Amino acid sequence: MNFYSPATGIVLDAPVATDQPPRLELRDLRKRLGDTAAVNGIDLQVAAGESVVLLGPSGCGKTTTLRMVAGFLQPEGGEIHLDGVLASNASFALPPEKRHLGMVFQTYAVWPHKTVAENVGYGLVVAGKKRAEIDREVAAVLDLVQLGDLARRYPSELSGGQQQRVALARALATKPSLLLLDEPLSNLDASLRQEMRFELRALQKRIGITTLYVTHDQDEALVLADRVVVMNKGRIEQVGTPEEVYRTPASRFVGNFVGTANLLEGTIVTVDRAAGRVSVALDAGDIATARASAGWLATAAPGQHATLLLRPEDIRFDRPQKPDQQTGLNVQFGSAAFLGSRYELQLTAKDTPLRVQSRTPGTFTDGHARLWFRPDSAWVVA
């Protein structure tokens with residue numbers, strides 16, 4: 001059940017009861033595009049008021065999934081449920097206009113011959129609302145996206161960011177139960193895209209609307225999501241909070257795709273299941289301690305191979321008080337670049353490449369230095 005906010009003119013999601021069905025549920029969802037299994041059996045629940053981001057490379061199935069939820073494509077297997085009601089399966093599809101969804105496209109899709117107010121109010125006109133109600137709702141939602149003074153302008157008189165706000169306002173004006181966003185910031189320049197990420201997140205939290213957002217941009221996903229769904233080759237690799245998928249990736253793919261990863265190969269020396277840790281003799285020439293999932297630890301044994309993930313910002317030139325290494329890692333300098341807030345260094349440890357992010361360029365003697373890992377920063381991915 002929803003309730004209305006007089007302050008914003010927007011329907012907010014009410015607190016979720018324990019017996020309330022998910023706002024969106026995907027059950028073993030499948031879809032082929034030609035000979036490719038674009039979506040290959042995914043399961044997902046999105047709770048009311050939650051912001052969920054589908055993240056993955058091109059061709060992973062995230063946009064196909066979004067289009068099936070919107071009703072633009074029909075599944076070949078599995079089911080889509082909206083508020084506990086079947087919306088589509090292989091033999092049934094509720095029309096898009098009956099699903100009570102809002103959608104923001106990558107290309108904005110605003111009508112150039114209509115004013116901002118006419119664009120935003122179009123869905124309300126189609127719904128048969130009275131003029132006074134349309135004017136009131138349009139004014140409220142334009143104020144919400146900070147376009148209240150631009151109601152009479154045409155899209156050609158707006159910046160890219162303002163046009164994107166128009167598209168968002170149009171999607172919100174009909175008070176959808178679920179807002180779908182398909183890479184809506186990809187056409188903006190880098191600085192505006194970064195600004196809009198935080199604006200979108202603040203807006204979503206303020207009005208409490210349930211969102212399903214598609215992107216290939218890892219930073220965008222980490223900013224916008226309550227939960228990130230990492231997809232690859234039509235399947236879900238991991239579902240978790242932004243920090244979970246970044247700090248404890250479920251696979252090498254997730255570790256490599258979400259952020260920058262250093263992958264260090266080695267051989268298990270000891271296993272401590274109670275502490276959730278292993279010590280690993282690295283091929284790069286050190287013994288390191290790493291955290292690992294309970295499932296991986298259950299079958300781990302000394303002598304087995306292990307791959308550790310280490311983020312560039314977790315490698316230090318200064319020795320921590322309790323480093324997660326016995327001796328430190330000897331590295332050779334490759335190159336360095338100053339990126340404003342940090343230095344990015346390309347190094348090697350024996351034959352293992354390392355990327356390091358540091359506030360300083362470090363000190364090297366004859367091109368060599370010793371590095372340490374921040375405590376509890378290494379994670380086993382395989």
# chains A, B, ... in the order shown; residues from 1 in each chain; ligands from 1
>>> residues_around(residues="Ser279 (chain A)", least_positions_apart="6", cutoff="7 Å", atoms="only C-alpha atoms", output="number ranges by chain")
A: 268-271, 287-290
>>> select_by_dssp(residues="region 83-255 of chain A", states="alpha helix (DSSP H)", output="PyMOL selection string")
chain A and resi 116-126+131-144+160-173+190-207+218-224+242-247+252-255
>>> residues_around(residues="region 184-192 of chain A", least_positions_apart="5", cutoff="9 Å", atoms="only C-alpha atoms", output="NGL selection string")
:A and (104-108 or 160-161 or 164 or 197 or 213-215 or 217)
>>> closest_residue(among="A:Pro242, A:Pro112, A:Gly367, A:Gly84", to="Val258 (chain A)", atoms="only C-alpha atoms")
A:Pro242
>>> residues_around(residues="Ala87 (chain A)", least_positions_apart="6", cutoff="10 Å", atoms="only C-alpha atoms", output="short mmCIF file (atom, residue, chain, number, x, y, z; two decimals) with N, CA and C atoms, in the first residue's frame")
data_model
loop_
_atom_site.label_atom_id
_atom_site.label_comp_id
_atom_site.auth_asym_id
_atom_site.auth_seq_id
_atom_site.Cartn_x
_atom_site.Cartn_y
_atom_site.Cartn_z
N LEU A 24 8.82 -6.42 -6.94
CA LEU A 24 9.16 -7.13 -8.18
C LEU A 24 9.78 -8.46 -7.82
N GLU A 25 9.36 -9.51 -8.52
CA GLU A 25 9.96 -10.83 -8.33
C GLU A 25 10.17 -11.49 -9.69
N MET A 68 12.03 -7.00 -20.31
CA MET A 68 10.99 -7.99 -19.97
C MET A 68 10.14 -7.49 -18.81
N VAL A 69 10.78 -6.87 -17.81
CA VAL A 69 10.01 -6.31 -16.69
C VAL A 69 9.07 -5.22 -17.19
N ALA A 70 9.55 -4.39 -18.13
CA ALA A 70 8.73 -3.30 -18.67
C ALA A 70 7.59 -3.80 -19.54
N GLY A 71 7.71 -5.02 -20.06
CA GLY A 71 6.68 -5.56 -20.94
C GLY A 71 6.99 -5.39 -22.41
N GLN A 74 8.78 -10.53 -24.13
CA GLN A 74 8.09 -11.58 -23.38
C GLN A 74 9.07 -12.69 -23.04
N GLU A 79 8.90 -16.52 -14.76
CA GLU A 79 7.78 -15.62 -14.49
C GLU A 79 8.27 -14.28 -13.95
N ILE A 80 7.47 -13.24 -14.21
CA ILE A 80 7.67 -11.92 -13.62
C ILE A 80 6.42 -11.58 -12.82
N HIS A 81 6.62 -11.22 -11.54
CA HIS A 81 5.50 -10.84 -10.68
C HIS A 81 5.70 -9.41 -10.20
N ALA A 93 1.27 -12.10 -21.11
CA ALA A 93 2.01 -10.85 -20.92
C ALA A 93 1.03 -9.72 -20.67
N LEU A 94 1.09 -9.14 -19.50
CA LEU A 94 0.31 -7.95 -19.21
C LEU A 94 0.88 -6.79 -20.02
N PRO A 95 0.05 -6.02 -20.74
CA PRO A 95 0.57 -4.92 -21.56
C PRO A 95 1.36 -3.92 -20.72
N PRO A 96 2.37 -3.28 -21.30
CA PRO A 96 3.19 -2.33 -20.54
C PRO A 96 2.36 -1.26 -19.84
N LYS A 98 -0.42 -1.43 -18.53
CA LYS A 98 -1.19 -1.96 -17.41
C LYS A 98 -0.31 -2.30 -16.21
N ARG A 99 1.00 -2.11 -16.33
CA ARG A 99 1.92 -2.56 -15.28
C ARG A 99 2.21 -1.48 -14.24
#
